[in-house]
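Peer 1: Quick one: structure below, then a few questions.
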Amino acid sequence: MITIKNGLVLTGHTLKPVETNVIINDEGRIIKLSPNDEDGEIIDATNCIVLPAFINAHIHIGDSISRDVGDGLSIKELVEPPHGLKHKILAKASDAEIINAMHETAKEMLYSGTSTFIDFREGGIKGINLLKQAIFDLPINACILGRSDKYYDPSTTPEEARLITRELLQHCDGIGLSGVQDVDSEIMLQIAEVCNQEDKLAVIHVAEYYELQEQSVQLTNQTEIERALKAGFTTIVHATHPILQDLELLEATSPVVVACPRSNGMLSVGIPPVSAYVENDIDVALGTDNVMFNQPDMFREMEYTLKAVRGSYKNKITAYDILKMATINGFKILGKDISIKEGNVSDILIIKRKSDDPYLSIVNRSSSEDIMNFIMGNQM
């Protein structure tokens with residue numbers, strides 16, 4: 001039994017601040033929120049904020065092998081499959097090098113308060129297994145979205161794509177596609193259908209830069225966002241440039257949009273309009289994207305998002321909105337409720353409080369050095 005005592009606790013789905021104790025049993029379940037009760041080992045959270053741990057909702061952890069290379073190249077030259085710079089580097093790297101690089105990145109995420117990450121895993125079944133080897137001895141949760149190089153082969157038929165997808169899904173948690181225009185539209189449809197039939201995630205990059213939207217409308221009379229949602233993808237990544245009726249469609253279909261503002265900024269493709277998404281009650285999560293050019297640190301991602309969105313769109317996105325994106329909203333993708341309330345098992349951070357506003361204290365002023373304790377279930 002553990003009691004987190006004297007902290008300001010951000011409770012429930014709304015992250016409501018309450019001065020209360022959190023009592024956790026030996027199975028990691030929160031059995032009581034009470035300002036007066038305590039039991040077992042005491043963790044003193046005086047002058048601290050108690051909150052759910054972070055989820056990095058989109059990362060390419062394999063890119064850990066290629067940090068800070070290719071700066072100044074275009075997004076196509078850097079990451080477009082199958083001939084982008086990162087793909088060339090990955091092809092030349094040994095399995096041991098890739099495993100070690102991913103292991104170090106996973107440790108960095110843990111040290112900065114991330115308990116769970118969602119990875120776009122290239123390399124088919126082998127790539128999936130490399131990641132599993134990289135994190136097997138770490139207390140971090142990975143949602144692995146697989147991908148096959150055969151999806152990009154023009155000779156692959158839709159039926160073959162279905163079979164490939166079913167085989168991949170025996171080893172991972174879903175499929176993560178690089179883009180709407182990278183694969184045949186019928187193959188994209190079959191991939192999403194199989195994922196939905198097997199209750200696995202179907203996730204895809206869309207509208208990362210404006211030219212993609214232009215090309216999509218010219219070729220199909222539909223935006224990339226429209227095509228992805230009509231194909232059956234329930235989580236989309238980037239959506240940096242919604243156009244035409246995209247906002248209305250997103251509002252009607254209720255996917256989770258995973259925004260990666262630092263990545264978009266580094267690649268000079270824009271800043272996602274997350275404030276507009278919030279205003280339209282569209283759930284937004286945050287991801288750090290390619291380790292190739294971003295440190296996988298959710299503190300950095302949150303602060304950048306708050307300030308870049310305010311600066312770009314001149315509107316009042318709040319630190320509260322941003323903190324929800326890094327915690328509660330991201331876990332919705334996985335169908336998990338990790339909010340701090342009685343009955344839940346929650347990964348919990350205890351962070352030094354630096355101002356009277358708990359949300360700004362975390363988003364605007366905190367770093368990994370301010371984490372006083374990190375509880376994953378009943379592990380500390």
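All residue names refer to the structure tokens as shown: chains lettered A, B, ... in order, residues numbered from 1 in each chain, ligands numbered from 1 in order.
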Find the residues near range 261-270 of chain A: any atom within 8 Å, counting only C-alpha atoms, skip ones fewer than 5 places away on the same chain, and give them as a list in words.
Peer 2: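 Neighbouring residues, sequence-local ones excluded: Ser74, Ile75, Glu208, Tyr209, Tyr210, Thr240, His241, Thr288, Asp289, Asn290, Phe293, Asn294, Glu301, Tyr304, Thr305 and Ala308 of chain A.
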Peer 1: What would the file look like if the residues just selected were written as a compact mmCIF listing (two decimals), in the first residue's frame with N, CA and C atoms?
Peer 2:
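What follows is the written file selection_14.txt:
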```
# COMPACT_ATOMS: atom_id res chain seq x y z
N SER A 74 14.77 18.72 -47.34
CA SER A 74 13.31 18.77 -47.36
C SER A 74 12.74 17.56 -46.65
N ILE A 75 11.47 17.64 -46.31
CA ILE A 75 10.81 16.53 -45.64
C ILE A 75 10.83 15.27 -46.51
N GLU A 208 0.43 16.68 -43.67
CA GLU A 208 1.55 17.21 -42.90
C GLU A 208 2.03 18.53 -43.49
N TYR A 209 1.97 18.65 -44.82
CA TYR A 209 2.29 19.94 -45.43
C TYR A 209 1.27 20.22 -46.53
N TYR A 210 1.15 21.49 -46.86
CA TYR A 210 0.03 21.95 -47.68
C TYR A 210 0.01 21.32 -49.06
N THR A 240 -1.78 19.04 -40.13
CA THR A 240 -1.23 20.39 -39.96
C THR A 240 -1.98 21.40 -40.82
N HIS A 241 -2.56 20.93 -41.92
CA HIS A 241 -3.19 21.85 -42.87
C HIS A 241 -4.59 21.37 -43.26
N THR A 288 6.08 13.46 -30.22
CA THR A 288 7.35 14.13 -30.52
C THR A 288 7.88 13.77 -31.89
N ASP A 289 7.30 12.75 -32.54
CA ASP A 289 7.63 12.37 -33.91
C ASP A 289 9.07 11.84 -34.03
N ASN A 290 9.75 12.18 -35.09
CA ASN A 290 11.03 11.54 -35.43
C ASN A 290 12.13 11.90 -34.43
N PHE A 293 15.19 14.26 -35.45
CA PHE A 293 15.38 15.70 -35.25
C PHE A 293 14.64 16.24 -34.03
N ASN A 294 14.15 15.38 -33.15
CA ASN A 294 13.47 15.84 -31.94
C ASN A 294 13.84 14.99 -30.74
N GLU A 301 7.68 19.37 -25.73
CA GLU A 301 6.58 19.39 -26.69
C GLU A 301 5.43 20.26 -26.21
N TYR A 304 6.44 24.13 -26.27
CA TYR A 304 6.49 24.61 -27.65
C TYR A 304 5.08 24.74 -28.22
N THR A 305 4.24 23.75 -27.97
CA THR A 305 2.88 23.77 -28.51
C THR A 305 2.11 24.98 -28.00
N ALA A 308 3.89 28.24 -29.63
CA ALA A 308 3.85 28.30 -31.10
C ALA A 308 2.42 28.48 -31.60
```
Peer 1: Run DSSP on the backbone and tell me which residues of range 232-273 of chain A come out as strand (DSSP E or B); list them as a PyMOL selection string.
Peer 2: chain A and resi 235-238+256-259
Peer 1: If you run DSSP on the backbone here, which positions in range 180-231 of chain A get helix (DSSP H, G or I)? Please write them as a PyMOL selection string.
Peer 2: chain A and resi 185-197+210-220+224-231
Peer 1: Using only C-alpha atoms, I'd like a table of the residues in range 241-331 of chain A that come within 12 Å of range 116-119 of chain A; for each, show the closest atom pair and its distance in Å rounded to one decimal, ordered by chain and ascending number, as a Markdown table.
Peer 2:
```
| residue | atom | partner | partner_atom | distance |
| --- | --- | --- | --- | --- |
| A:Val258 | CA | A:Ile118 | CA | 10.6 |
| A:Ala285 | CA | A:Ile118 | CA | 11.2 |
| A:Leu286 | CA | A:Phe117 | CA | 10.5 |
| A:Gly287 | CA | A:Ile118 | CA | 8.5 |
| A:Thr288 | CA | A:Phe117 | CA | 9.9 |
| A:Asp289 | CA | A:Asp119 | CA | 8.8 |
| A:Asn290 | CA | A:Asp119 | CA | 9.9 |
| A:Val291 | CA | A:Asp119 | CA | 11.0 |
| A:Pro296 | CA | A:Phe117 | CA | 9.9 |
| A:Asp297 | CA | A:Phe117 | CA | 11.3 |
| A:Met298 | CA | A:Phe117 | CA | 10.8 |
| A:Ala326 | CA | A:Thr116 | CA | 10.7 |
| A:Thr327 | CA | A:Thr116 | CA | 9.9 |
| A:Ile328 | CA | A:Thr116 | CA | 11.9 |
| A:Gly330 | CA | A:Phe117 | CA | 9.3 |
| A:Phe331 | CA | A:Thr116 | CA | 8.7 |
```
Peer 1: So that I can check the surroundings of Leu138 in chain A, please list as an mmCIF file with N, CA and C atoms, in the first residue's frame every protein, DNA and RNA residue that reaches within 12 Å of it, counting only C-alpha atoms and ignoring chain neighbours fewer than 3 positions away.
Peer 2:
```cif
data_model
loop_
_atom_site.group_PDB
_atom_site.id
_atom_site.type_symbol
_atom_site.label_atom_id
_atom_site.label_comp_id
_atom_site.auth_asym_id
_atom_site.auth_seq_id
_atom_site.Cartn_x
_atom_site.Cartn_y
_atom_site.Cartn_z
ATOM 1 N N MET A 102 17.393 2.560 -29.813
ATOM 2 C CA MET A 102 16.006 2.615 -29.340
ATOM 3 C C MET A 102 15.940 2.459 -27.827
ATOM 4 N N HIS A 103 16.795 1.608 -27.267
ATOM 5 C CA HIS A 103 16.836 1.409 -25.821
ATOM 6 C C HIS A 103 17.148 2.724 -25.108
ATOM 7 N N GLU A 104 18.128 3.457 -25.608
ATOM 8 C CA GLU A 104 18.505 4.728 -24.989
ATOM 9 C C GLU A 104 17.371 5.744 -25.077
ATOM 10 N N THR A 105 16.681 5.773 -26.212
ATOM 11 C CA THR A 105 15.556 6.691 -26.357
ATOM 12 C C THR A 105 14.421 6.339 -25.402
ATOM 13 N N ALA A 106 14.144 5.052 -25.248
ATOM 14 C CA ALA A 106 13.094 4.634 -24.316
ATOM 15 C C ALA A 106 13.439 5.058 -22.892
ATOM 16 N N LYS A 107 14.706 4.946 -22.520
ATOM 17 C CA LYS A 107 15.130 5.401 -21.191
ATOM 18 C C LYS A 107 14.937 6.913 -21.043
ATOM 19 N N GLU A 108 15.258 7.664 -22.099
ATOM 20 C CA GLU A 108 15.058 9.114 -22.057
ATOM 21 C C GLU A 108 13.590 9.465 -21.843
ATOM 22 N N MET A 109 12.707 8.714 -22.487
ATOM 23 C CA MET A 109 11.283 8.971 -22.288
ATOM 24 C C MET A 109 10.871 8.704 -20.850
ATOM 25 N N LEU A 110 11.345 7.609 -20.290
ATOM 26 C CA LEU A 110 11.038 7.314 -18.892
ATOM 27 C C LEU A 110 11.528 8.420 -17.972
ATOM 28 N N TYR A 111 12.749 8.872 -18.172
ATOM 29 C CA TYR A 111 13.330 9.900 -17.311
ATOM 30 C C TYR A 111 12.568 11.218 -17.394
ATOM 31 N N SER A 115 5.239 7.289 -19.643
ATOM 32 C CA SER A 115 5.045 5.885 -19.280
ATOM 33 C C SER A 115 4.686 5.023 -20.480
ATOM 34 N N THR A 116 4.208 5.671 -21.570
ATOM 35 C CA THR A 116 3.667 4.933 -22.715
ATOM 36 C C THR A 116 3.996 5.694 -23.997
ATOM 37 N N LEU A 131 12.177 -3.700 -31.692
ATOM 38 C CA LEU A 131 11.701 -2.801 -30.646
ATOM 39 C C LEU A 131 11.385 -3.562 -29.361
ATOM 40 N N LYS A 132 10.767 -4.715 -29.491
ATOM 41 C CA LYS A 132 10.462 -5.507 -28.299
ATOM 42 C C LYS A 132 11.747 -5.874 -27.549
ATOM 43 N N GLN A 133 12.802 -6.197 -28.302
ATOM 44 C CA GLN A 133 14.087 -6.494 -27.666
ATOM 45 C C GLN A 133 14.657 -5.248 -26.990
ATOM 46 N N ALA A 134 14.453 -4.092 -27.601
ATOM 47 C CA ALA A 134 15.035 -2.850 -27.076
ATOM 48 C C ALA A 134 14.453 -2.441 -25.741
ATOM 49 N N ILE A 135 13.198 -2.812 -25.475
ATOM 50 C CA ILE A 135 12.546 -2.321 -24.248
ATOM 51 C C ILE A 135 12.199 -3.431 -23.261
ATOM 52 N N ASN A 141 5.664 1.254 -21.455
ATOM 53 C CA ASN A 141 4.651 0.583 -22.266
ATOM 54 C C ASN A 141 4.740 1.067 -23.708
ATOM 55 N N ALA A 142 4.823 0.132 -24.642
ATOM 56 C CA ALA A 142 4.902 0.481 -26.058
ATOM 57 C C ALA A 142 3.684 -0.043 -26.793
ATOM 58 N N MET A 376 4.415 3.674 -11.595
ATOM 59 C CA MET A 376 3.732 2.965 -12.657
ATOM 60 C C MET A 376 3.039 1.762 -12.040
ATOM 61 N N GLN A 379 4.834 0.250 -9.112
ATOM 62 C CA GLN A 379 6.296 0.367 -9.212
ATOM 63 C C GLN A 379 6.701 1.818 -9.039
#
```
Peer 1: Would you mind telling me which residue in A:Ile371, A:Val18, A:Leu250, A:Val206 lies nearest to Arg353 in chain A when using only C-alpha atoms?
Peer 2: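 Of A:Ile371, A:Val18, A:Leu250, A:Val206, the one nearest Arg353 in chain A, counting only C-alpha atoms, is A:Ile371.
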Peer 1: Which residues, written as a short mmCIF file (atom, residue, chain, number, x, y, z; two decimals) with C-alpha atoms, in the first residue's frame, have at least one atom at most 12 Å from Leu349 in chain A, with only C-alpha atoms counted and residues fewer than 5 positions away on the same chain left out?
Peer 2:
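The resulting file, part34.cif, is shown below:
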```
data_model
loop_
_atom_site.label_atom_id
_atom_site.label_comp_id
_atom_site.auth_asym_id
_atom_site.auth_seq_id
_atom_site.Cartn_x
_atom_site.Cartn_y
_atom_site.Cartn_z
CA ILE A 4 0.72 10.03 -1.83
CA GLY A 7 -0.01 17.05 -2.97
CA LEU A 8 -2.25 19.01 -5.31
CA VAL A 9 -3.83 16.17 -7.31
CA LEU A 10 -5.15 16.66 -10.86
CA ILE A 43 5.18 9.59 -0.21
CA ALA A 45 4.10 15.41 -2.13
CA CYS A 48 4.11 19.17 -5.61
CA ILE A 49 1.53 18.42 -8.30
CA VAL A 50 0.28 14.85 -8.69
CA LEU A 51 -0.90 13.98 -12.20
CA PRO A 52 -1.18 11.14 -14.73
CA ALA A 53 2.06 10.27 -16.53
CA PHE A 54 2.63 11.37 -20.11
CA ILE A 55 1.96 9.44 -23.28
CA LEU A 110 11.04 7.31 -18.89
CA TYR A 111 13.33 9.90 -17.31
CA SER A 112 11.11 12.68 -18.64
CA GLY A 113 7.84 11.24 -17.33
CA THR A 114 6.53 9.23 -20.28
CA SER A 115 5.05 5.89 -19.28
CA THR A 327 -2.08 12.77 -20.81
CA ILE A 338 -5.48 6.52 -16.66
CA SER A 339 -7.07 9.45 -14.85
CA ILE A 340 -6.52 9.69 -11.11
CA ILE A 362 3.87 21.95 -15.59
CA SER A 368 12.42 16.18 -16.15
CA ASP A 370 11.38 18.50 -11.46
CA ILE A 371 9.98 14.94 -11.33
CA MET A 372 10.10 13.94 -7.68
CA ASN A 373 8.53 10.50 -8.10
CA PHE A 374 7.15 8.29 -10.86
CA ILE A 375 4.73 5.49 -9.99
CA MET A 376 3.73 2.96 -12.66
CA GLY A 377 1.03 0.85 -11.11
CA GLN A 379 6.30 0.37 -9.21
CA MET A 380 8.36 3.39 -8.20
#
```
Peer 1: I'd like the contact shell of Gly40 in chain A - 8 Å cut-off, only C-alpha atoms, skipping same-chain residues fewer than 6 positions apart - returned as a ChimeraX atom specification.
Peer 2: /A:1-3
Peer 1: Taking 3 positions as the minimum chain separation for residues in the same chain, which residues sit within 8 Å of Val183 in chain A when counting only C-alpha atoms? Answer as a PyMOL selection string.
Peer 2: chain A and resi 151-152+179-180+187-188
Peer 1: Counting only C-alpha atoms, which residues in range 179-224 of chain A sit no more than 8 Å from range 154-158 of chain A? For each one, give the nearest pair of atoms and the distance in Å, sorted by chain then residue number, as a Markdown table.
Peer 2:
```
| residue | atom | partner | partner_atom | distance |
| --- | --- | --- | --- | --- |
| A:Asp184 | CA | A:Pro154 | CA | 8.0 |
| A:Glu186 | CA | A:Pro158 | CA | 6.3 |
| A:Ile187 | CA | A:Pro158 | CA | 4.8 |
| A:Gln190 | CA | A:Pro158 | CA | 6.5 |
```
Peer 1: Work out how far CA of Ile333 in chain A is from CA of Leu33 in chain A, in Å to one decimal.
Peer 2: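 The value is 26.3 Å.
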Peer 1: Need to verify the contact set: Ile243 in chain A, 8 Å, only C-alpha atoms, exclusion of same-chain residues closer than 4 positions in sequence. Can you return it as a list in words?
Peer 2: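 Within the cut-off, the hits are Gln213, Thr223 and Leu247 of chain A.
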Peer 1: Rounded to one decimal place, report the CA of Val69 in chain A-CA of Met292 in chain A distance in Å.
Peer 2: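 Pair CA of Val69 in chain A / CA of Met292 in chain A returns 7.0 Å.
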Peer 1: What is the distance between CA of Asn47 in chain A and CA of Ile351 in chain A, in Å to one decimal?
Peer 2: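 Result for CA of Asn47 in chain A versus CA of Ile351 in chain A: 8.8 Å, one decimal.
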Peer 1: From the options A:Arg365, A:Arg300, A:Lys92, A:Arg310, which residue's atoms come nearest to Pro272 in chain A, counting only C-alpha atoms?
Peer 2: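 When distances to Pro272 in chain A are compared using only C-alpha atoms, the smallest one comes from A:Arg310.
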